[in-house]
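Next comes target_21.txt, with compact mmCIF, C-alpha atoms.
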```txt
# COMPACT_ATOMS: atom_id res chain seq x y z
CA MET A 1396 209.57 155.31 157.54
CA THR A 1397 208.09 157.62 154.97
CA ALA A 1398 206.67 159.89 157.63
CA GLU A 1399 210.05 160.09 159.31
CA HIS A 1400 211.73 160.84 156.01
CA ALA A 1401 209.18 163.51 155.23
CA THR A 1402 209.84 165.37 158.46
CA ALA A 1403 213.63 164.94 158.48
CA VAL A 1404 215.10 168.38 159.07
CA GLU A 1405 217.81 169.58 156.70
CA GLN A 1406 220.00 172.40 157.92
CA PRO A 1407 221.26 174.65 155.15
CA LYS A 1408 225.03 174.48 154.60
CA LYS A 1409 225.62 178.17 155.10
CA ARG A 1410 223.98 180.53 157.53
CA VAL A 1411 221.15 182.22 155.73
CA LYS A 1412 221.10 185.98 156.12
CA HIS A 1413 217.57 187.11 156.84
CA GLU A 1414 216.23 189.90 154.72
CA GLY A 1415 215.02 193.04 156.43
CA PRO A 1416 211.57 194.59 156.05
CA LYS A 1417 212.92 197.39 153.79
CA LYS A 1418 212.06 196.04 150.34
CA HIS A 1419 208.65 194.83 151.53
CA ILE A 1420 207.84 198.34 152.75
CA ILE A 1421 209.02 199.67 149.36
CA ALA A 1422 206.70 197.13 147.65
CA TYR A 1423 203.89 198.37 149.92
CA ILE A 1424 204.54 202.02 149.03
CA PHE A 1425 204.64 201.18 145.30
CA SER A 1426 201.33 199.27 145.62
CA LEU A 1427 199.81 202.19 147.54
CA VAL A 1428 200.94 204.76 144.95
CA LEU A 1429 199.61 202.62 142.06
CA THR A 1430 196.27 202.22 143.89
CA ILE A 1431 195.97 205.96 144.53
CA LEU A 1432 196.89 206.68 140.88
CA ALA A 1433 194.20 204.23 139.69
CA PHE A 1434 191.51 205.86 141.86
CA ALA A 1435 192.70 209.36 140.87
CA THR A 1436 192.53 208.45 137.17
CA VAL A 1437 188.86 207.56 137.57
CA ILE A 1438 187.88 210.44 139.90
CA THR A 1439 189.61 213.28 138.03
CA GLY A 1440 190.26 211.97 134.54
CA GLU A 1441 187.73 212.73 131.85
CA VAL A 1442 190.17 211.72 129.14
CA SER A 1443 188.68 208.89 127.14
CA VAL A 1444 187.10 205.68 128.38
CA ASN A 1445 189.43 203.41 126.41
CA PHE A 1446 192.52 205.27 127.61
CA VAL A 1447 191.37 204.97 131.25
CA TYR A 1448 190.70 201.23 130.77
CA VAL A 1449 194.19 200.62 129.42
CA MET A 1450 195.80 202.69 132.22
CA LEU A 1451 193.80 200.86 134.91
CA VAL A 1452 194.70 197.40 133.60
CA LEU A 1453 198.37 198.39 133.28
CA MET A 1454 198.52 199.75 136.85
CA ALA A 1455 196.77 196.65 138.23
CA GLY A 1456 199.19 194.44 136.30
CA VAL A 1457 202.26 196.24 137.66
CA GLN A 1458 200.92 196.15 141.22
CA VAL A 1459 200.15 192.43 141.02
CA PHE A 1460 203.61 191.76 139.55
CA ILE A 1461 205.28 193.63 142.44
CA GLN A 1462 203.21 191.83 145.09
CA MET A 1463 203.75 188.37 143.60
CA ALA A 1464 207.49 188.93 143.11
CA PHE A 1465 208.23 190.31 146.58
CA TRP A 1466 205.46 189.25 148.94
CA MET A 1467 204.83 185.82 147.47
CA HIS A 1468 208.61 185.32 146.98
CA MET A 1469 208.30 184.45 143.30
CA LYS A 1470 211.52 186.33 142.55
CA ASP A 1471 213.42 184.05 144.96
CA ARG A 1472 215.40 181.03 143.78
CA GLY A 1473 213.68 177.64 143.41
CA HIS A 1474 210.33 179.04 142.30
CA LEU A 1475 210.19 177.53 138.81
CA PHE A 1476 207.41 175.06 139.65
CA PRO A 1477 205.25 177.66 141.47
CA ILE A 1478 205.60 179.90 138.42
CA ILE A 1479 204.55 177.02 136.13
CA GLY A 1480 201.62 176.22 138.46
CA ILE A 1481 200.20 179.72 138.57
CA LEU A 1482 201.05 180.46 134.92
CA SER A 1483 199.01 177.47 133.72
CA GLY A 1484 196.04 179.03 135.55
CA VAL A 1485 196.76 182.49 134.09
CA ILE A 1486 196.85 181.12 130.52
CA ILE A 1487 193.37 179.58 130.93
CA VAL A 1488 192.11 182.82 132.51
CA PHE A 1489 193.36 184.99 129.64
CA THR A 1490 191.71 182.64 127.15
CA MET A 1491 188.39 183.00 129.00
CA ILE A 1492 188.59 186.78 129.46
CA ILE A 1493 189.44 187.36 125.79
CA MET A 1494 186.58 185.04 124.79
CA ALA A 1495 184.09 186.87 127.06
CA VAL A 1496 185.19 190.32 125.88
CA TYR A 1497 185.10 189.19 122.23
CA TRP A 1498 181.65 187.64 122.45
CA ALA A 1499 180.01 190.33 124.55
CA TRP A 1500 181.63 193.53 123.27
CA TRP A 1501 182.50 193.06 119.63
CA MET B 783 209.34 159.30 165.92
CA SER B 784 212.62 161.13 165.42
CA GLY B 785 210.81 163.56 163.14
CA HIS B 786 208.91 164.93 166.08
CA SER B 787 211.96 165.17 168.31
CA HIS B 788 213.41 167.44 165.64
CA ALA B 789 210.26 169.46 165.89
CA ASP B 790 211.13 170.36 169.47
CA GLY B 791 214.78 171.14 168.73
CA VAL B 792 216.46 174.19 167.27
CA LEU B 793 214.40 175.74 164.51
CA PRO B 794 216.28 175.74 161.17
CA HIS B 795 216.49 178.76 158.91
CA GLU B 796 213.44 179.00 156.65
CA PRO B 797 211.64 176.28 158.68
CA GLU B 798 208.88 176.03 156.05
CA LYS B 799 211.39 174.53 153.59
CA ALA B 800 213.38 172.41 156.06
CA THR B 801 211.37 169.21 155.53
CA LEU B 802 210.22 167.42 152.39
CA GLU B 803 206.67 167.59 153.71
CA GLY B 804 206.97 171.36 154.10
CA ARG B 805 208.36 171.83 150.58
CA ASN B 806 205.63 169.61 149.13
CA LYS B 807 202.99 171.66 150.95
CA VAL B 808 204.29 174.89 149.45
CA LEU B 809 204.46 173.39 145.93
CA GLY B 810 201.00 171.83 146.24
CA PHE B 811 199.63 175.15 147.45
CA TRP B 812 200.97 176.92 144.36
CA LEU B 813 199.16 174.40 142.14
CA PHE B 814 196.02 175.10 144.19
CA LEU B 815 196.52 178.83 143.58
CA GLY B 816 196.67 178.05 139.84
CA GLY B 817 193.23 176.47 140.21
CA GLU B 818 192.01 179.45 142.26
CA THR B 819 193.19 181.72 139.46
CA VAL B 820 190.97 179.78 137.05
CA LEU B 821 188.02 180.04 139.47
CA PHE B 822 188.28 183.80 139.81
CA GLY B 823 189.11 184.23 136.11
CA THR B 824 185.89 182.46 135.18
CA LEU B 825 183.88 184.72 137.49
CA PHE B 826 185.66 187.79 136.07
CA SER B 827 184.92 186.81 132.49
CA VAL B 828 181.23 186.27 133.36
CA PHE B 829 181.09 189.65 135.10
CA ILE B 830 182.78 191.43 132.18
CA ALA B 831 180.30 189.89 129.75
CA LEU B 832 177.18 190.69 131.81
CA ARG B 833 178.02 193.94 133.61
CA ASP B 834 175.78 196.15 131.45
CA GLN B 835 172.68 193.90 131.72
CA VAL B 836 171.11 195.89 134.59
CA ASN B 837 167.48 194.97 133.83
CA GLY B 838 166.17 198.44 134.74
CA GLY B 839 168.01 198.45 138.11
CA PRO B 840 170.85 200.77 139.19
CA THR B 841 173.96 200.77 136.99
CA ALA B 842 177.48 200.31 138.34
CA ASN B 843 178.11 204.05 138.02
CA GLU B 844 174.99 204.95 140.04
CA LEU B 845 175.56 202.26 142.65
CA PHE B 846 179.21 202.18 143.68
CA SER B 847 180.69 204.42 146.37
CA LEU B 848 184.43 204.75 145.75
CA THR B 849 185.09 205.94 149.30
CA ILE B 850 184.15 202.58 150.84
CA VAL B 851 186.09 200.72 148.14
CA ALA B 852 189.19 202.89 148.73
CA ILE B 853 189.07 202.25 152.49
CA ALA B 854 188.58 198.51 151.93
CA THR B 855 191.50 198.48 149.48
CA LEU B 856 193.77 200.27 151.95
CA ILE B 857 192.81 197.82 154.72
CA LEU B 858 193.48 194.72 152.62
CA LEU B 859 196.74 196.07 151.21
CA THR B 860 198.00 196.88 154.70
CA SER B 861 196.95 193.43 155.96
CA SER B 862 199.04 191.90 153.18
CA LEU B 863 202.06 193.83 154.49
CA THR B 864 201.42 192.75 158.11
CA SER B 865 201.31 189.11 156.99
CA VAL B 866 204.74 189.65 155.37
CA PHE B 867 205.96 190.90 158.76
CA ALA B 868 204.56 187.72 160.36
CA ILE B 869 206.57 185.51 157.97
CA GLN B 870 209.70 187.61 158.60
CA ALA B 871 209.21 187.21 162.37
CA MET B 872 208.90 183.45 161.74
CA HIS B 873 212.22 183.48 159.85
CA ARG B 874 213.82 185.29 162.79
CA ASN B 875 212.35 182.60 165.09
CA GLU B 876 210.26 185.09 167.09
CA PRO B 877 206.93 183.26 167.59
CA LYS B 878 205.47 186.02 169.78
CA ALA B 879 206.05 188.73 167.19
CA MET B 880 204.75 186.36 164.50
CA VAL B 881 201.51 185.71 166.41
CA GLY B 882 201.16 189.44 167.01
CA TRP B 883 201.42 190.27 163.30
CA LEU B 884 199.05 187.42 162.43
CA LEU B 885 196.52 188.84 164.90
CA VAL B 886 196.83 192.27 163.28
CA THR B 887 196.28 190.60 159.88
CA VAL B 888 193.14 188.84 161.14
CA LEU B 889 191.78 192.10 162.60
CA PHE B 890 192.32 193.91 159.28
CA GLY B 891 190.58 191.00 157.55
CA LEU B 892 187.59 191.33 159.89
CA ALA B 893 187.44 195.09 159.24
CA PHE B 894 187.46 194.44 155.48
CA LEU B 895 184.72 191.84 155.79
CA GLY B 896 182.58 194.13 157.96
CA LEU B 897 182.91 196.92 155.40
CA GLU B 898 181.94 194.56 152.57
CA ILE B 899 178.83 193.33 154.44
CA TYR B 900 177.83 196.96 155.13
CA GLU B 901 178.32 197.73 151.43
CA PHE B 902 176.21 194.75 150.29
CA VAL B 903 173.39 195.69 152.70
CA GLU B 904 173.40 199.27 151.32
CA TYR B 905 173.20 197.97 147.75
CA ALA B 906 170.38 195.58 148.60
CA HIS B 907 168.41 198.56 150.02
CA GLU B 908 168.82 200.29 146.67
CA GLY B 909 167.24 197.33 144.87
CA HIS B 910 170.54 195.75 143.86
CA THR B 911 169.66 192.27 145.17
CA PHE B 912 171.21 188.98 144.06
CA ALA B 913 168.42 188.08 141.61
CA ALA B 914 167.69 191.64 140.37
CA SER B 915 169.69 191.40 137.12
CA ALA B 916 172.51 189.56 135.34
CA PHE B 917 174.77 192.42 136.48
CA SER B 918 173.82 192.03 140.16
CA THR B 919 174.12 188.22 140.10
CA SER B 920 177.57 188.24 138.47
CA PHE B 921 178.64 191.09 140.80
CA TYR B 922 177.62 189.31 144.01
CA THR B 923 179.05 185.99 142.82
CA LEU B 924 182.46 187.48 142.00
CA VAL B 925 182.82 189.88 144.94
CA GLY B 926 181.05 187.45 147.30
CA PHE B 927 183.44 184.63 146.38
CA HIS B 928 186.32 186.95 147.23
CA GLY B 929 184.63 187.89 150.53
CA GLY B 930 184.13 184.19 151.25
CA HIS B 931 187.85 183.66 150.70
CA VAL B 932 188.61 186.48 153.16
CA ALA B 933 186.25 184.87 155.72
CA PHE B 934 187.92 181.49 155.24
CA GLY B 935 191.37 183.09 155.58
CA ILE B 936 190.36 184.75 158.87
CA LEU B 937 189.16 181.40 160.22
CA TRP B 938 192.23 179.53 158.96
CA ILE B 939 194.80 182.01 160.33
CA SER B 940 192.93 182.19 163.66
CA LEU B 941 193.14 178.40 164.00
CA LEU B 942 196.85 178.51 163.10
CA ILE B 943 197.45 181.15 165.80
CA TRP B 944 195.73 178.86 168.28
CA GLN B 945 197.85 175.89 167.14
CA VAL B 946 201.12 177.85 167.37
CA LEU B 947 200.21 179.04 170.87
CA ARG B 948 199.60 175.42 171.92
CA ARG B 949 202.41 173.62 170.08
CA GLY B 950 204.93 176.36 169.38
CA LEU B 951 206.68 177.28 166.16
CA THR B 952 208.13 174.05 164.71
CA VAL B 953 209.03 172.57 161.33
CA VAL B 954 205.48 171.12 161.37
CA THR B 955 203.62 174.38 162.05
CA ALA B 956 205.92 176.72 160.07
CA PRO B 957 204.89 175.51 156.55
CA LYS B 958 201.23 176.03 157.50
CA ILE B 959 201.90 179.64 158.50
CA TYR B 960 203.88 180.18 155.30
CA ILE B 961 201.14 178.91 152.95
CA ALA B 962 198.48 180.83 154.91
CA GLY B 963 200.61 183.91 154.16
CA LEU B 964 200.68 182.98 150.45
CA TYR B 965 196.90 182.57 150.53
CA TRP B 966 196.44 186.00 152.12
CA HIS B 967 198.63 187.67 149.47
CA PHE B 968 196.65 185.89 146.77
CA ILE B 969 193.42 187.32 148.21
CA ASP B 970 194.94 190.79 148.01
CA VAL B 971 196.10 190.16 144.41
CA VAL B 972 192.54 189.14 143.44
CA TRP B 973 191.22 192.29 145.14
CA VAL B 974 193.52 194.46 142.98
CA PHE B 975 191.69 193.11 139.93
CA ILE B 976 188.27 193.46 141.61
CA PHE B 977 188.69 197.15 142.50
CA THR B 978 190.10 197.76 139.02
CA VAL B 979 187.65 195.80 136.86
CA VAL B 980 184.46 195.93 138.96
CA TYR B 981 184.55 199.28 140.77
CA LEU B 982 186.84 201.65 138.87
CA MET B 983 185.83 200.47 135.38
CA GLY B 984 182.21 200.47 136.59
CA LYS B 985 182.59 204.14 137.53
CA VAL B 986 184.13 205.01 134.16
CA GLY B 987 181.22 203.51 132.28
```

Take the structure in this file and express it as C-alpha cells.
Amino acid sequence: MTAEHATAVEQPKKRVKHEGPKKHIIAYIFSLVLTILAFATVITGEVSVNFVYVMLVLMAGVQVFIQMAFWMHMKDRGHLFPIIGILSGVIIVFTMIIMAVYWAWW
Amino acid sequence: MSGHSHADGVLPHEPEKATLEGRNKVLGFWLFLGGETVLFGTLFSVFIALRDQVNGGPTANELFSLTIVAIATLILLTSSLTSVFAIQAMHRNEPKAMVGWLLVTVLFGLAFLGLEIYEFVEYAHEGHTFAASAFSTSFYTLVGFHGGHVAFGILWISLLIWQVLRRGLTVVTAPKIYIAGLYWHFIDVVWVFIFTVVYLMGKVG
C-alpha cells in the first residue's frame, strides 16, 4: 500500500514549459569569468595580502551563489526545506571557520 | 504493483518530483548535503588553522603550480555544466541525450581525478608527503576528501548510466539522476572554495 502510494505518479495540472539552456550557459560564463578574475588577482596583483583575501572570498561567494541558485535550482519554487537543510550546515561551518581563524591567527 | 506500471507509461514533466518517493529523495539529499557542508567546513577550518605549520618542508607558495589547478578548475566547472545539460535532456524526455551528457560528465570527472593524482605524486616527490607536516596532513585530508567525492561521483553516475540503459528513464530512475546531478554540483561548489582558500590564498602567502 505504502509503496504504491509512494510511487503514484501525479501529473501537473498545467503543461510545464521547459527552460532552455540559455541561463545555465550564462551562469557558466559568469562562473568562468569569476574564476579567471580570482586567478588573475593572485598572478598579477601585488596589492595587499588582506585586500586579495577579501576579493578572493567575495568572488568565491558570488560564484557559489550563482551555481547554487541556477544549477542546483535553489531559486526555483518549493525549495524552502532544501535551503533550511543546507543553511543549517552553513551556520555550523561559519562558526567553526571563525573559531579556527580566531584561535590560530589572532 | 500499479506503481511500476506507471513507470513504463508516459513520463510526466519533471519526473524526479512526480512521486512522493522522488520528492522525499530530493529533500533527504539536501539534508545530506547540509551534513556534507559540515564535513568539508571542519576540514577547511583545520586547514586554515594549520596551513603555516610546514615543519621545514615546502610552503604552499613554493609547492603549488597554478597551471594544473586552473586546468582542473576549468574541467570541473565544465563538467558541472554538462550535468545540467543531462538534467535538461531528462526533462525533455530524451534518455539518449541524457546518457550522452552524463558520459561526458564522467569523462571530465576522470580527467580531473587523473590530474589530481598526478599533482599529488609530484608533491610527494618534493617531500610533501602525508605525514611530513601539519600543513601537508591537513592539505591531503581536505583535498583528498574532495577527490574521494569525485571518485565516488564517477562510480555512482556510471552505475546510474548502466541502470538507465537497462531499465530506461522512469519515475523510479529519474530522481536518482536528479540527485546525482545535485551531488556533482555540490562537488564543484566545494572545489570553488578549495581553489580559493587552499591554492590561491596559499600563493598569496

So which one's closest to Ile969 of chain B, B:Phe829, B:Phe822, B:Phe867, B:Phe912? Using only C-alpha atoms, please.
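Residue with the minimum atom-to-atom distance to Ile969 of chain B: B:Phe822.
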
If we count only C-alpha atoms, which residues of chain B reach to within 7 Å of chain A? Please list them as a ChimeraX atom specification.
/B:783-785,788,794-795,800-803,809,812-813,815-817,819-820,823-824,827-828,830-831,863,866,964,967,971,974-975,978,982-983,986

Could you save the residues just selected, with C-alpha atoms, as a short mmCIF file (atom, residue, chain, number, x, y, z; two decimals), in the frame of the given file?
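Resulting contents of selection_36.cif:
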```cif
data_model
loop_
_atom_site.label_atom_id
_atom_site.label_comp_id
_atom_site.auth_asym_id
_atom_site.auth_seq_id
_atom_site.Cartn_x
_atom_site.Cartn_y
_atom_site.Cartn_z
CA MET B 783 209.34 159.30 165.92
CA SER B 784 212.62 161.13 165.42
CA GLY B 785 210.81 163.56 163.14
CA HIS B 788 213.41 167.44 165.64
CA PRO B 794 216.28 175.74 161.17
CA HIS B 795 216.49 178.76 158.91
CA ALA B 800 213.38 172.41 156.06
CA THR B 801 211.37 169.21 155.53
CA LEU B 802 210.22 167.42 152.39
CA GLU B 803 206.67 167.59 153.71
CA LEU B 809 204.46 173.39 145.93
CA TRP B 812 200.97 176.92 144.36
CA LEU B 813 199.16 174.40 142.14
CA LEU B 815 196.52 178.83 143.58
CA GLY B 816 196.67 178.05 139.84
CA GLY B 817 193.23 176.47 140.21
CA THR B 819 193.19 181.72 139.46
CA VAL B 820 190.97 179.78 137.05
CA GLY B 823 189.11 184.23 136.11
CA THR B 824 185.89 182.46 135.18
CA SER B 827 184.92 186.81 132.49
CA VAL B 828 181.23 186.27 133.36
CA ILE B 830 182.78 191.43 132.18
CA ALA B 831 180.30 189.89 129.75
CA LEU B 863 202.06 193.83 154.49
CA VAL B 866 204.74 189.65 155.37
CA LEU B 964 200.68 182.98 150.45
CA HIS B 967 198.63 187.67 149.47
CA VAL B 971 196.10 190.16 144.41
CA VAL B 974 193.52 194.46 142.98
CA PHE B 975 191.69 193.11 139.93
CA THR B 978 190.10 197.76 139.02
CA LEU B 982 186.84 201.65 138.87
CA MET B 983 185.83 200.47 135.38
CA VAL B 986 184.13 205.01 134.16
#
```

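Going from atom CA of Gln835 of chain B to atom CA of Phe917 of chain B covers 5.4 Å.
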
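Atom CA of His928 of chain B lies 28.1 Å from atom CA of Ala879 of chain B.
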
Give the padded box for segment 1480-1498 of chain A as lines of an AutoDock Vina configuration file: axis-aligned, covering all atoms listed in the file, 3 Å on each side, centre and edge lengths in Å to one decimal.
```
center_x = 191.6
center_y = 183.3
center_z = 130.4
size_x = 26.0
size_y = 20.1
size_z = 22.3
```

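Interatomic distance, atom CA of Ala868 of chain B to atom CA of Leu884 of chain B: 5.9 Å.
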
List the neighbours of Thr911 of chain B out to 9 Å using only C-alpha atoms; skip same-chain residues closer than 5 positions along the sequence, and give me the result as JSON, numbers by chain.
{"B": [902, 905, 906, 918, 919, 922]}

What lies within 8 Å of Ala916 of chain B using all atoms listed in the file, ignoring chain neighbours under 3 positions off, as an NGL selection string?
:B and (832-833 or 835-837 or 913 or 919-920)

Would you kindly place N, CA and C atoms on segment 797-828 of chain B and return the model as a PDB file, in the coordinates of the input?
```pdb
ATOM      1  N   PRO B 797     212.176 177.571 158.196  1.00  0.00           N
ATOM      2  CA  PRO B 797     211.640 176.280 158.680  1.00  0.00           C
ATOM      3  C   PRO B 797     210.570 175.702 157.764  1.00  0.00           C
ATOM      4  N   GLU B 798     209.930 176.559 156.929  1.00  0.00           N
ATOM      5  CA  GLU B 798     208.880 176.030 156.050  1.00  0.00           C
ATOM      6  C   GLU B 798     209.465 175.159 154.947  1.00  0.00           C
ATOM      7  N   LYS B 799     210.786 175.317 154.675  1.00  0.00           N
ATOM      8  CA  LYS B 799     211.390 174.530 153.590  1.00  0.00           C
ATOM      9  C   LYS B 799     212.350 173.478 154.141  1.00  0.00           C
ATOM     10  N   ALA B 800     212.377 173.298 155.465  1.00  0.00           N
ATOM     11  CA  ALA B 800     213.380 172.410 156.060  1.00  0.00           C
ATOM     12  C   ALA B 800     213.020 170.937 155.915  1.00  0.00           C
ATOM     13  N   THR B 801     211.757 170.610 155.681  1.00  0.00           N
ATOM     14  CA  THR B 801     211.370 169.210 155.530  1.00  0.00           C
ATOM     15  C   THR B 801     210.773 168.998 154.139  1.00  0.00           C
ATOM     16  N   LEU B 802     210.815 167.744 153.688  1.00  0.00           N
ATOM     17  CA  LEU B 802     210.220 167.420 152.390  1.00  0.00           C
ATOM     18  C   LEU B 802     208.724 167.697 152.420  1.00  0.00           C
ATOM     19  N   GLU B 803     208.108 167.353 153.568  1.00  0.00           N
ATOM     20  CA  GLU B 803     206.670 167.590 153.710  1.00  0.00           C
ATOM     21  C   GLU B 803     206.352 169.077 153.557  1.00  0.00           C
ATOM     22  N   GLY B 804     207.173 169.919 154.184  1.00  0.00           N
ATOM     23  CA  GLY B 804     206.970 171.360 154.100  1.00  0.00           C
ATOM     24  C   GLY B 804     207.088 171.852 152.665  1.00  0.00           C
ATOM     25  N   ARG B 805     208.156 171.399 151.972  1.00  0.00           N
ATOM     26  CA  ARG B 805     208.360 171.830 150.580  1.00  0.00           C
ATOM     27  C   ARG B 805     207.216 171.365 149.694  1.00  0.00           C
ATOM     28  N   ASN B 806     206.749 170.127 149.928  1.00  0.00           N
ATOM     29  CA  ASN B 806     205.630 169.610 149.130  1.00  0.00           C
ATOM     30  C   ASN B 806     204.362 170.422 149.371  1.00  0.00           C
ATOM     31  N   LYS B 807     204.167 170.843 150.643  1.00  0.00           N
ATOM     32  CA  LYS B 807     202.990 171.660 150.950  1.00  0.00           C
ATOM     33  C   LYS B 807     203.010 172.961 150.174  1.00  0.00           C
ATOM     34  N   VAL B 808     204.178 173.607 150.151  1.00  0.00           N
ATOM     35  CA  VAL B 808     204.290 174.890 149.450  1.00  0.00           C
ATOM     36  C   VAL B 808     204.041 174.696 147.956  1.00  0.00           C
ATOM     37  N   LEU B 809     204.650 173.642 147.370  1.00  0.00           N
ATOM     38  CA  LEU B 809     204.460 173.390 145.930  1.00  0.00           C
ATOM     39  C   LEU B 809     202.995 173.074 145.634  1.00  0.00           C
ATOM     40  N   GLY B 810     202.401 172.189 146.446  1.00  0.00           N
ATOM     41  CA  GLY B 810     201.000 171.830 146.240  1.00  0.00           C
ATOM     42  C   GLY B 810     200.098 173.046 146.359  1.00  0.00           C
ATOM     43  N   PHE B 811     200.467 173.972 147.269  1.00  0.00           N
ATOM     44  CA  PHE B 811     199.630 175.150 147.450  1.00  0.00           C
ATOM     45  C   PHE B 811     199.696 176.062 146.227  1.00  0.00           C
ATOM     46  N   TRP B 812     200.860 176.107 145.586  1.00  0.00           N
ATOM     47  CA  TRP B 812     200.970 176.920 144.360  1.00  0.00           C
ATOM     48  C   TRP B 812     200.096 176.341 143.258  1.00  0.00           C
ATOM     49  N   LEU B 813     200.038 175.016 143.150  1.00  0.00           N
ATOM     50  CA  LEU B 813     199.160 174.400 142.140  1.00  0.00           C
ATOM     51  C   LEU B 813     197.708 174.733 142.461  1.00  0.00           C
ATOM     52  N   PHE B 814     197.359 174.710 143.760  1.00  0.00           N
ATOM     53  CA  PHE B 814     196.020 175.100 144.190  1.00  0.00           C
ATOM     54  C   PHE B 814     195.718 176.542 143.786  1.00  0.00           C
ATOM     55  N   LEU B 815     196.730 177.430 143.972  1.00  0.00           N
ATOM     56  CA  LEU B 815     196.520 178.830 143.580  1.00  0.00           C
ATOM     57  C   LEU B 815     196.299 178.957 142.082  1.00  0.00           C
ATOM     58  N   GLY B 816     196.947 178.079 141.279  1.00  0.00           N
ATOM     59  CA  GLY B 816     196.670 178.050 139.840  1.00  0.00           C
ATOM     60  C   GLY B 816     195.199 177.750 139.588  1.00  0.00           C
ATOM     61  N   GLY B 817     194.649 176.784 140.334  1.00  0.00           N
ATOM     62  CA  GLY B 817     193.230 176.470 140.210  1.00  0.00           C
ATOM     63  C   GLY B 817     192.337 177.609 140.669  1.00  0.00           C
ATOM     64  N   GLU B 818     192.759 178.289 141.760  1.00  0.00           N
ATOM     65  CA  GLU B 818     192.010 179.450 142.260  1.00  0.00           C
ATOM     66  C   GLU B 818     191.992 180.571 141.214  1.00  0.00           C
ATOM     67  N   THR B 819     193.121 180.727 140.519  1.00  0.00           N
ATOM     68  CA  THR B 819     193.190 181.720 139.460  1.00  0.00           C
ATOM     69  C   THR B 819     192.127 181.441 138.406  1.00  0.00           C
ATOM     70  N   VAL B 820     191.976 180.154 138.041  1.00  0.00           N
ATOM     71  CA  VAL B 820     190.970 179.780 137.050  1.00  0.00           C
ATOM     72  C   VAL B 820     189.569 180.080 137.584  1.00  0.00           C
ATOM     73  N   LEU B 821     189.328 179.769 138.870  1.00  0.00           N
ATOM     74  CA  LEU B 821     188.020 180.040 139.470  1.00  0.00           C
ATOM     75  C   LEU B 821     187.669 181.521 139.363  1.00  0.00           C
ATOM     76  N   PHE B 822     188.581 182.378 139.829  1.00  0.00           N
ATOM     77  CA  PHE B 822     188.280 183.800 139.810  1.00  0.00           C
ATOM     78  C   PHE B 822     188.249 184.336 138.378  1.00  0.00           C
ATOM     79  N   GLY B 823     189.120 183.798 137.513  1.00  0.00           N
ATOM     80  CA  GLY B 823     189.110 184.230 136.110  1.00  0.00           C
ATOM     81  C   GLY B 823     187.777 183.949 135.445  1.00  0.00           C
ATOM     82  N   THR B 824     187.201 182.791 135.733  1.00  0.00           N
ATOM     83  CA  THR B 824     185.890 182.460 135.180  1.00  0.00           C
ATOM     84  C   THR B 824     184.849 183.472 135.636  1.00  0.00           C
ATOM     85  N   LEU B 825     184.853 183.775 136.956  1.00  0.00           N
ATOM     86  CA  LEU B 825     183.880 184.720 137.490  1.00  0.00           C
ATOM     87  C   LEU B 825     184.099 186.119 136.904  1.00  0.00           C
ATOM     88  N   PHE B 826     185.371 186.498 136.697  1.00  0.00           N
ATOM     89  CA  PHE B 826     185.660 187.790 136.070  1.00  0.00           C
ATOM     90  C   PHE B 826     185.129 187.844 134.656  1.00  0.00           C
ATOM     91  N   SER B 827     185.367 186.767 133.887  1.00  0.00           N
ATOM     92  CA  SER B 827     184.920 186.810 132.490  1.00  0.00           C
ATOM     93  C   SER B 827     183.400 186.877 132.412  1.00  0.00           C
ATOM     94  N   VAL B 828     182.695 186.186 133.329  1.00  0.00           N
ATOM     95  CA  VAL B 828     181.230 186.270 133.360  1.00  0.00           C
ATOM     96  C   VAL B 828     180.801 187.696 133.701  1.00  0.00           C
TER      97      VAL B 828
END
```
